[in-house]
file start-v4.cif (mmCIF, C-alpha atoms)
data_run
loop_
_atom_site.label_atom_id
_atom_site.label_comp_id
_atom_site.auth_asym_id
_atom_site.auth_seq_id
_atom_site.Cartn_x
_atom_site.Cartn_y
_atom_site.Cartn_z
CA MET W 1 0.00 0.00 0.00
CA GLU W 2 1.31 3.38 -1.01
CA ILE W 3 2.24 5.71 1.84
CA GLY W 4 -0.18 8.60 1.78
CA LEU W 5 -1.75 11.35 3.81
CA THR W 6 -3.68 9.01 6.12
CA HIS W 7 -0.57 7.21 7.37
CA TYR W 8 1.00 10.43 8.63
CA LEU W 9 -2.29 11.59 10.13
CA ILE W 10 -2.65 8.36 12.12
CA VAL W 11 0.89 8.68 13.52
CA SER W 12 0.08 12.23 14.56
CA ALA W 13 -3.18 11.06 16.20
CA ILE W 14 -1.21 8.51 18.26
CA LEU W 15 1.33 11.17 19.23
CA PHE W 16 -1.46 13.55 20.25
CA ALA W 17 -3.12 10.88 22.42
CA MET W 18 0.19 10.12 24.12
CA GLY W 19 0.67 13.81 24.88
CA ILE W 20 -2.82 14.00 26.41
CA PHE W 21 -2.00 10.91 28.50
CA ALA W 22 1.19 12.52 29.80
CA ILE W 23 -0.62 15.72 30.70
CA ILE W 24 -3.40 13.90 32.54
CA THR W 25 -1.37 11.36 34.49
CA ARG W 26 2.05 12.88 35.17
CA LYS W 27 2.83 14.53 38.45
CA ASN W 28 6.08 16.29 37.58
CA ALA W 29 5.58 19.64 35.86
CA ILE W 30 8.47 19.03 33.46
CA LEU W 31 6.88 15.81 32.22
CA VAL W 32 3.62 17.69 31.69
CA LEU W 33 5.66 20.11 29.59
CA MET W 34 7.07 17.20 27.58
CA GLY W 35 3.51 16.01 26.91
CA LEU W 36 2.74 19.49 25.64
CA GLU W 37 5.71 19.29 23.27
CA LEU W 38 4.39 15.96 21.95
CA ILE W 39 1.02 17.58 21.23
CA LEU W 40 2.60 20.53 19.43
CA ASN W 41 4.69 18.14 17.35
CA ALA W 42 1.58 16.15 16.42
CA ALA W 43 -0.01 19.37 15.17
CA ASN W 44 3.15 20.20 13.24
CA LEU W 45 3.18 16.80 11.58
CA ASN W 46 -0.40 17.39 10.44
CA PHE W 47 0.48 20.77 8.98
CA ILE W 48 3.40 19.37 7.02
CA ALA W 49 1.49 16.30 5.85
CA PHE W 50 -1.20 18.58 4.47
CA ALA W 51 1.48 20.78 2.93
CA ARG W 52 2.73 17.77 0.99
CA TYR W 53 -0.50 15.95 0.17
CA GLY W 54 -3.38 18.34 0.77
CA GLY W 55 -2.45 21.29 -1.39
CA LEU W 56 -1.41 23.61 1.44
CA ASN W 57 2.09 23.87 -0.09
CA VAL W 58 4.32 26.47 1.46
CA ASN W 59 1.58 27.86 3.72
CA GLY W 60 1.53 24.65 5.74
CA GLU W 61 5.27 24.74 6.25
CA ILE W 62 5.11 28.35 7.42
CA ALA W 63 2.35 27.49 9.92
CA ALA W 64 4.56 24.69 11.24
CA LEU W 65 7.50 27.08 11.48
CA PHE W 66 5.48 29.49 13.61
CA VAL W 67 4.32 26.60 15.80
CA ILE W 68 7.99 25.78 16.43
CA ILE W 69 8.74 29.43 17.27
CA ILE W 70 5.84 29.65 19.70
CA ALA W 71 6.81 26.32 21.28
CA ALA W 72 10.28 27.70 21.95
CA ALA W 73 8.90 30.84 23.61
CA GLU W 74 6.36 28.80 25.58
CA SER W 75 8.84 26.30 26.92
CA ALA W 76 11.26 29.04 28.01
CA VAL W 77 8.55 30.83 29.99
CA ALA W 78 7.12 27.57 31.37
CA LEU W 79 10.51 26.38 32.58
CA SER W 80 11.19 29.67 34.32
CA ILE W 81 7.83 29.36 36.06
CA ILE W 82 8.75 25.80 37.08
CA LEU W 83 12.08 27.03 38.48
CA ASN W 84 10.18 29.62 40.49
CA ILE W 85 7.82 26.95 41.84
CA TYR W 86 10.86 24.88 42.82
CA GLN W 87 12.35 27.80 44.72
CA ASN W 88 9.20 28.19 46.76
CA TYR W 89 8.10 24.58 47.27
CA HIS W 90 11.29 22.52 46.75
CA HIS W 91 9.38 20.17 44.45
CA VAL W 92 7.56 20.53 41.14
CA ASN W 93 4.57 18.25 41.64
CA VAL W 94 1.66 19.95 39.96
CA ASP W 95 -0.96 18.37 42.23
CA GLU W 96 0.60 19.76 45.40
CA VAL W 97 1.06 23.33 44.24
CA GLU W 98 -1.95 25.08 45.66
CA THR W 99 -1.08 28.65 46.52
CA LEU W 100 0.28 31.46 44.43
CA LYS W 101 2.52 32.81 47.20
CA ASP W 102 3.83 31.40 50.43
CA MET R 1 6.72 -3.04 0.03
CA ASN R 2 8.77 -0.28 -1.50
CA LEU R 3 11.58 1.62 0.13
CA GLU R 4 9.44 4.60 1.13
CA ALA R 5 7.09 2.35 3.09
CA VAL R 6 9.99 0.67 4.87
CA ILE R 7 11.47 4.01 5.91
CA PHE R 8 8.05 5.30 6.93
CA TYR R 9 7.36 2.36 9.22
CA LEU R 10 10.87 2.58 10.67
CA PHE R 11 10.40 6.24 11.60
CA ALA R 12 6.85 5.58 12.82
CA LEU R 13 8.17 2.81 15.07
CA ILE R 14 10.87 5.11 16.46
CA ILE R 15 8.37 7.90 17.10
CA VAL R 16 5.69 5.76 18.74
CA ALA R 17 8.08 3.63 20.82
CA SER R 18 10.11 6.53 22.17
CA GLY R 19 6.94 8.58 22.63
CA GLY R 20 5.59 5.75 24.76
CA LEU R 21 8.82 5.82 26.76
CA VAL R 22 8.41 9.58 27.30
CA VAL R 23 4.91 9.00 28.61
CA LEU R 24 5.53 5.91 30.73
CA SER R 25 9.11 6.15 31.97
CA LYS R 26 9.55 6.60 35.71
CA ASN R 27 12.90 8.35 35.35
CA ILE R 28 12.66 11.93 34.10
CA MET R 29 16.09 11.82 32.46
CA HIS R 30 15.11 8.73 30.47
CA ALA R 31 11.93 10.51 29.40
CA ALA R 32 13.96 13.53 28.24
CA PHE R 33 16.30 11.37 26.16
CA ALA R 34 13.37 9.43 24.71
CA LEU R 35 11.86 12.77 23.70
CA MET R 36 15.03 13.41 21.72
CA PHE R 37 14.45 10.26 19.66
CA THR R 38 10.82 11.24 19.07
CA LEU R 39 11.94 14.63 17.78
CA PHE R 40 14.59 13.05 15.54
CA GLY R 41 11.98 10.68 14.10
CA LEU R 42 9.68 13.60 13.40
CA ALA R 43 12.52 15.41 11.65
CA GLY R 44 12.87 12.32 9.46
CA PHE R 45 9.16 12.50 8.67
CA TYR R 46 9.48 16.15 7.71
CA ALA R 47 12.32 15.28 5.36
CA MET R 48 10.18 12.51 3.84
CA LEU R 49 7.39 15.04 3.36
CA LEU R 50 9.74 17.22 1.27
CA SER R 51 10.13 20.04 3.76
CA ASP R 52 13.86 19.97 4.30
CA PHE R 53 14.02 23.36 5.97
CA LEU R 54 11.52 22.28 8.62
CA ALA R 55 13.49 19.09 9.25
CA VAL R 56 16.65 21.07 9.92
CA SER R 57 14.76 23.63 12.04
CA GLN R 58 13.23 20.80 14.02
CA ILE R 59 16.64 19.39 14.86
CA MET R 60 18.21 22.77 15.59
CA ILE R 61 15.38 24.33 17.60
CA TYR R 62 13.77 21.33 19.27
CA VAL R 63 16.73 19.04 19.85
CA GLY R 64 19.34 21.76 20.18
CA GLY R 65 17.25 24.28 22.06
CA ILE R 66 14.06 23.17 23.73
CA LEU R 67 15.33 19.75 24.75
CA VAL R 68 18.50 21.20 26.28
CA LEU R 69 16.30 23.68 28.13
CA ILE R 70 14.13 20.81 29.41
CA ILE R 71 17.19 18.87 30.56
CA PHE R 72 18.43 21.99 32.35
CA GLY R 73 15.02 22.19 33.99
CA VAL R 74 15.21 18.56 35.07
CA MET R 75 18.65 19.04 36.55
CA LEU R 76 17.77 22.27 38.33
CA THR R 77 14.58 20.94 39.87
CA SER R 78 15.66 17.46 40.97
CA LYS R 79 17.98 16.27 43.62
CA ILE R 80 20.19 14.22 41.33
CA THR R 81 21.65 11.98 43.99
CA GLY R 82 18.40 11.17 45.72
CA VAL R 83 15.28 9.38 44.64
CA GLU R 84 13.67 12.70 43.80
CA LEU R 85 14.39 12.16 40.11
CA LYS R 86 11.65 9.57 39.98
CA THR R 87 8.15 10.62 39.27
CA GLY R 88 4.89 8.81 39.43
CA PRO R 89 1.37 9.14 38.18
CA ILE R 90 -1.08 11.03 40.34
CA GLY R 91 -3.04 7.91 41.25
CA LYS R 92 -4.44 4.60 40.01
CA VAL R 93 -7.84 6.07 39.18
CA ASN R 94 -6.25 8.94 37.35
CA TYR R 95 -4.03 6.51 35.44
CA LEU R 96 -7.02 4.49 34.19
CA PHE R 97 -8.93 7.66 33.42
CA GLY R 98 -6.04 9.08 31.42
CA ALA R 99 -5.50 5.81 29.55
CA ALA R 100 -9.21 5.61 28.67
CA ILE R 101 -9.30 9.23 27.48
CA SER R 102 -6.19 8.91 25.35
CA VAL R 103 -7.25 5.59 23.79
CA ILE R 104 -10.63 7.12 22.95
CA ILE R 105 -8.92 10.14 21.41
CA ALA R 106 -6.47 8.02 19.39
CA CYS R 107 -9.19 5.69 18.06
CA GLY R 108 -11.60 8.53 17.35
CA LEU R 109 -9.03 10.62 15.51
CA SER R 110 -7.81 7.60 13.53
CA LEU R 111 -11.36 6.69 12.51
CA LEU R 112 -12.01 10.31 11.55
CA PHE R 113 -8.81 10.50 9.52
CA THR R 114 -9.37 7.23 7.66
CA ASN R 115 -13.03 7.89 6.88
CA SER R 116 -12.73 11.49 5.77
CA LYS R 117 -12.64 12.28 2.09
CA TRP R 118 -9.64 14.58 1.99
CA ILE R 119 -9.13 16.66 -1.11
CA GLU R 120 -5.73 15.31 -2.05
CA LYS R 121 -3.56 17.51 -4.16
CA PRO R 122 -0.05 16.11 -3.88
CA VAL R 123 2.83 18.31 -4.88
CA ASP R 124 3.39 17.26 -8.47
CA LYS R 125 6.82 18.63 -9.20
CA ILE R 126 9.37 18.17 -6.47
CA PRO R 127 11.39 21.35 -5.92
CA ASP R 128 15.09 21.25 -5.15
CA SER R 129 14.58 22.90 -1.80
CA SER R 130 11.71 24.57 -0.03
CA ILE R 131 13.86 27.32 1.45
CA ASN R 132 13.33 29.68 -1.50
CA ALA R 133 9.55 29.48 -1.30
CA ILE R 134 9.53 29.80 2.49
CA GLY R 135 11.82 32.84 2.37
CA TYR R 136 9.73 34.59 -0.27
CA SER R 137 6.44 34.09 1.50
CA LEU R 138 7.88 34.96 4.92
CA LEU R 139 8.97 38.33 3.59
CA THR R 140 5.90 39.07 1.49
CA GLU R 141 2.66 37.45 2.58
CA TYR R 142 3.58 36.71 6.19
CA ILE R 143 5.75 39.74 6.97
CA LEU R 144 3.48 40.98 9.76
CA VAL R 145 3.35 37.57 11.43
CA PHE R 146 7.11 37.34 11.11
CA GLU R 147 7.63 40.65 12.90
CA VAL R 148 5.11 39.78 15.59
CA ALA R 149 6.91 36.47 16.16
CA ALA R 150 10.18 38.37 16.59
CA VAL R 151 8.58 40.63 19.20
CA LEU R 152 7.03 37.59 20.88
CA LEU R 153 10.43 35.94 21.19
CA LEU R 154 11.91 39.11 22.67
CA ILE R 155 9.07 39.35 25.19
CA ALA R 156 9.43 35.67 26.09
CA LEU R 157 13.18 36.14 26.61
CA ILE R 158 12.74 39.12 28.91
CA GLY R 159 9.81 37.54 30.72
CA ALA R 160 11.61 34.24 31.29
CA ALA R 161 14.67 36.01 32.67
CA LEU R 162 12.48 38.16 34.90
CA ILE R 163 10.43 35.25 36.25
CA ALA R 164 13.31 32.85 36.79
CA HIS R 165 15.75 35.04 38.68
CA LYS R 166 15.81 34.78 42.44
CA ASP R 167 13.92 37.43 44.32
CA GLN R 168 16.56 39.98 45.06
CA ILE R 169 15.67 42.49 47.69
CA ILE R 170 15.76 45.85 46.03
CA ASP R 171 16.50 47.73 49.28
CA SER R 172 20.19 48.20 48.83
CA ASP R 173 21.14 48.82 52.45
CA ALA R 174 20.66 45.20 53.53
CA SER R 175 23.93 43.28 53.61
CA SER R 176 24.28 41.11 50.54
CA ASN R 177 25.61 38.01 52.29
CA GLU R 178 22.32 37.18 53.94
CA ILE R 179 20.31 37.91 50.87
CA SER R 180 22.06 35.42 48.65
CA THR R 181 20.78 32.47 50.68
CA ASN R 182 17.77 30.60 49.52
CA ASN R 183 15.23 32.01 51.92
CA ASP R 184 15.59 35.67 51.12
CA ILE R 185 11.87 36.27 51.38
CA LYS R 186 11.82 35.06 54.95
CA ILE R 187 14.81 37.22 55.79
CA LYS R 188 12.96 40.17 54.46
CA GLU R 189 10.01 39.44 56.67
#
call {"tool": "encode", "arguments": {"input": "start-v4.cif", "output": "structure tokens"}}
result
Amino acid sequence: MEIGLTHYLIVSAILFAMGIFAIITRKNAILVLMGLELILNAANLNFIAFARYGGLNVNGEIAALFVIIIAAAESAVALSIILNIYQNYHHVNVDEVETLKD
Amino acid sequence: MNLEAVIFYLFALIIVASGGLVVLSKNIMHAAFALMFTLFGLAGFYAMLLSDFLAVSQIMIYVGGILVLIIFGVMLTSKITGVELKTGPIGKVNYLFGAAISVIIACGLSLLFTNSKWIEKPVDKIPDSSINAIGYSLLTEYILVFEVAAVLLLIALIGAALIAHKDQIIDSDASSNEISTNNDIKIKE
């Protein structure tokens, strides 16, 4: 069977579901962040698959490029927030962080 | 099975297996390194989908930037020598709930993707490189978005530096030796 659009879309669906699983079940904030990266990458894979097979052409690639840029900004800010949480609580478990200041 | 299919399934196996390791591994460091293999596999997919520039950007930005940042985060927020590096799920119920949700999402999306009638317009002539086209449309059609993204990155840089630095007491007359300890807020109070 020829490799087509649907194959890539199914891989991205699996990646998306794994990211959701990480976000729901993981306790450590950094692993939640990794789940987020998986989800963003699944979206990126969709964009590029449609750029190749769905007629989006260069527009799809540019959308994926901006997703990468925003992911970089987001992970920098999120990690600095996590470092701040660690300074105040000495752990980064998202289910035990309950107050905004100590 | 032709060569393209073989390479596709190889990359798909790498992505799904190491993605599963990211999600299920108890050790955060192992999860971070598994994430690296997922990102490399995705870069391979991008190259197979004829977007060479995106494949290189993926490796440079994700593997060279974001992943290093994540590993820094892991090292700064864990006690490396202790058992603190381990992490666990929030609870058994939550684990089952999350597994059910993600299986439902995966099956639903796969069914949707296989049953939809996509309008398929494959790229007919394969260009040498997509960099030309990306450069032209970044500086013509998407120039505003490009500038806004630059400003966004600047804001994120400043904001991250501002959030992450330790709370220094601005009152300059306090002696600096006490302040540099961890509990500067308590000292202030």
call {"tool": "interface_residues", "arguments": {"input": "start-v4.cif", "of": "chain W", "to": "chain R", "cutoff": "7 Å", "atoms": "all atoms listed in the file", "output": "VMD selection string"}}
result
chain W and resid 3 6 9 to 11 13 to 15 17 to 18 20 to 22 24 to 28 30 48 to 49 52 to 55 58 62 65 72 to 73 75 to 77 79 to 81 83 to 84 86 91
call {"tool": "atom_distance", "arguments": {"input": "start-v4.cif", "atom1": "CA of Phe47 (chain W)", "atom2": "CA of Phe16 (chain W)"}}
result
13.5 Å
call {"tool": "closest_residue", "arguments": {"input": "start-v4.cif", "among": "R:Phe40, R:Val56, R:Phe11, R:Ala34", "to": "Asn41 (chain W)", "atoms": "all atoms listed in the file"}}
result
R:Phe40
call {"tool": "atom_distance", "arguments": {"input": "start-v4.cif", "atom1": "CA of Asn132 (chain R)", "atom2": "CA of Glu147 (chain R)"}}
result
19.0 Å
call {"tool": "atom_distance", "arguments": {"input": "start-v4.cif", "atom1": "CA of Ala17 (chain R)", "atom2": "CA of Gly41 (chain R)"}}
result
10.5 Å
call {"tool": "closest_residue", "arguments": {"input": "start-v4.cif", "among": "W:Leu36, W:Glu98, W:Ala42, W:Ile82", "to": "Ala64 (chain W)", "atoms": "all atoms listed in the file"}}
result
W:Ala42
